[in-house]
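Below is one structure, written out as structure tokens; the observations come after it.
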Amino acid sequence: MEVQLFARLRELAGAESISVTPVPASVAALRKKIAAEASPELREALEDPNVFCAVNKRVVGDEHPVADGDEVGFFPPMTGG
Amino acid sequence: MADLFTVEITDVPLDVPARTEAFPRQAQTTGAVVSFVGYVRGEGIQAMALEHYPGMTESSIRDTMDSAARRWPVQAASVVHRVGTLSPGDPIVWVAVASAHRAAAFSACDFIMDYLKVSAPLWKREQSLDGSWSWTEAKSADEDRAERWGWQKQGRVSA
């Protein structure tokens, strides 16, 4: 699974997406897995409770399931408008 | 006939008069059009850059417009949001709402802007006068405004 990162998270990762295999069962597990393999700065950013996860373009909670084929993205709080 | 509910994310400068002119009104029933333009403030910055989540930004704003149309008798609504690099004074967002009466048009326009601020995946960076770039922090005042409409923060369940 390619997990997309946006804004500050993308900058910290130095990449627009991160490849994750095997795919963990939930958003929480996915977040944990990416954080465990990330730089300290990206890990800290991912563990921030204000960082959102979208599965198939909808914001979901940490308990939400994920499966291979889902589109998943992590991003910081929105600052549009 | 033009689509009555439209969302556009664009890196092209926003031509507000042209957008306003093209906004669909129904001659027999539209009594009010309320529009809002947000501009880049130049306070201590020389440029702003915006990025989005292609596809999700559009669908999220479209959901917000659908919610507005369930609450008020909205006849037409349009949102155009800039991405890319902007300068102080540039229009960044334009929202227009048509309704039979002004109260619904004002409320729906206000609602769409408040929801957009907290739920549309868009991120700003600002370039300060010394040339350095930094990400804009989200404002709790924006969340307070959205909560007036019953908005509830989604996302991570706190541990």
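All residue names refer to the structure tokens as shown: chains lettered A, B, ... in order, residues numbered from 1 in each chain, ligands numbered from 1 in order.
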
Pull out every residue of chain A sitting within 8 Å of chain B, counting only C-alpha atoms, and send them as a VMD selection string.
chain A and resid 6 to 8 49 to 53 57 to 63 77 to 81

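Within chain A, DSSP run on the backbone puts these residues in helix (DSSP H, G or I): Ala7, Arg8, Leu9, Arg10, Glu11, Leu12, Ala13, Val27, Ala28, Ala29, Leu30, Arg31, Lys32, Lys33, Ile34, Ala35, Ala36, Pro40, Glu41, Leu42, Arg43, Glu44, Ala45, Leu46 and Glu47 of chain A.
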
Taking the DSSP secondary structure from the backbone, can you list the residues of segment 14-79 of chain A that are strand (DSSP E or B), as a PyMOL selection string?
chain A and resi 17-19+26+52-55+58-60+65+72-75

Take the selection from the previous step and output its residues with C-alpha atoms, as a PDB file, in the first residue's frame.
```pdb
ATOM      1  CA  SER A  17       4.099   8.647  -0.235  1.00  0.00           C
ATOM      2  CA  ILE A  18       5.446   5.773   1.812  1.00  0.00           C
ATOM      3  CA  SER A  19       5.158   2.133   0.857  1.00  0.00           C
ATOM      4  CA  SER A  26      -6.510  -0.398  11.268  1.00  0.00           C
ATOM      5  CA  PHE A  52      -5.842  13.415  10.308  1.00  0.00           C
ATOM      6  CA  CYS A  53      -6.159  10.195   8.361  1.00  0.00           C
ATOM      7  CA  ALA A  54      -8.387   9.870   5.310  1.00  0.00           C
ATOM      8  CA  VAL A  55      -9.375   6.478   3.938  1.00  0.00           C
ATOM      9  CA  ARG A  58     -12.919  10.550   3.939  1.00  0.00           C
ATOM     10  CA  VAL A  59     -11.525  11.550   7.335  1.00  0.00           C
ATOM     11  CA  VAL A  60     -11.753   8.600   9.709  1.00  0.00           C
ATOM     12  CA  PRO A  65     -10.174  -0.561   9.271  1.00  0.00           C
ATOM     13  CA  VAL A  72      -4.946   6.300   2.534  1.00  0.00           C
ATOM     14  CA  GLY A  73      -3.528   9.722   3.323  1.00  0.00           C
ATOM     15  CA  PHE A  74      -2.250  11.449   6.463  1.00  0.00           C
ATOM     16  CA  PHE A  75      -2.264  15.214   6.846  1.00  0.00           C
TER      17      PHE A  75
END
```

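Taking atom CA of Ala28 of chain A as the reference point, atom CA of Arg62 of chain B is found at 27.9 Å.
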
Show which residues sit within 10 Å of segment 31-36 of chain A, as a PyMOL selection string. Count only C-alpha atoms, and ignore same-chain residues fewer than 4 positions away.
chain A and resi 3+18-21+23-24+26-27+40-47+53+62+74

Tell me which protein, DNA and RNA residues are within 8 Å of Phe5 of chain B, counting only C-alpha atoms, leaving out same-chain ones fewer than 5 positions away, and put them as number ranges by chain.
B: 62, 65, 76-78

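Near Ala27 of chain B, within 12 Å and counting only C-alpha atoms, sit B:Val33, B:Gln75, B:Ala98, B:Ser99, B:Ala100, not including residues fewer than 6 positions from it in the same chain.
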
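Across B:Pro13, B:Gly44, B:Pro24, B:Gly89, the tightest approach to Leu129 of chain B is made by B:Gly44 when counting only C-alpha atoms.
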
Atomic distance atom CA of Ser35 of chain B - atom CA of Met48 of chain B, expressed in Å with one decimal:
22.9 Å

Who sits within 8 Å of Ala13 of chain A, only C-alpha atoms, same chain under 4 positions skipped, as a PyMOL selection string
chain A and resi 5+9+38-39+42

Could those selected residues go to a file with N, CA and C atoms, as a tab-separated table (two decimals), in the first residue's frame?
```
chain	number	residue	atom	x	y	z
A	5	LEU	N	1.25	11.31	1.95
A	5	LEU	CA	1.52	12.29	3.00
A	5	LEU	C	1.39	13.69	2.40
A	9	LEU	N	3.83	16.91	6.62
A	9	LEU	CA	4.22	15.50	6.73
A	9	LEU	C	5.03	15.07	5.51
A	38	ALA	N	9.93	5.75	10.88
A	38	ALA	CA	10.15	7.12	10.40
A	38	ALA	C	11.26	7.82	11.18
A	39	SER	N	11.65	8.98	10.67
A	39	SER	CA	12.60	9.84	11.39
A	39	SER	C	11.91	10.35	12.66
A	42	LEU	N	9.25	13.02	11.86
A	42	LEU	CA	8.02	12.52	11.23
A	42	LEU	C	7.23	11.69	12.24
```

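You can rank B:Ala108, B:Leu86, B:Ala146, B:Ala103 by their closest distance to Gly42 of chain B using only C-alpha atoms, and at the top of that list sits B:Leu86.
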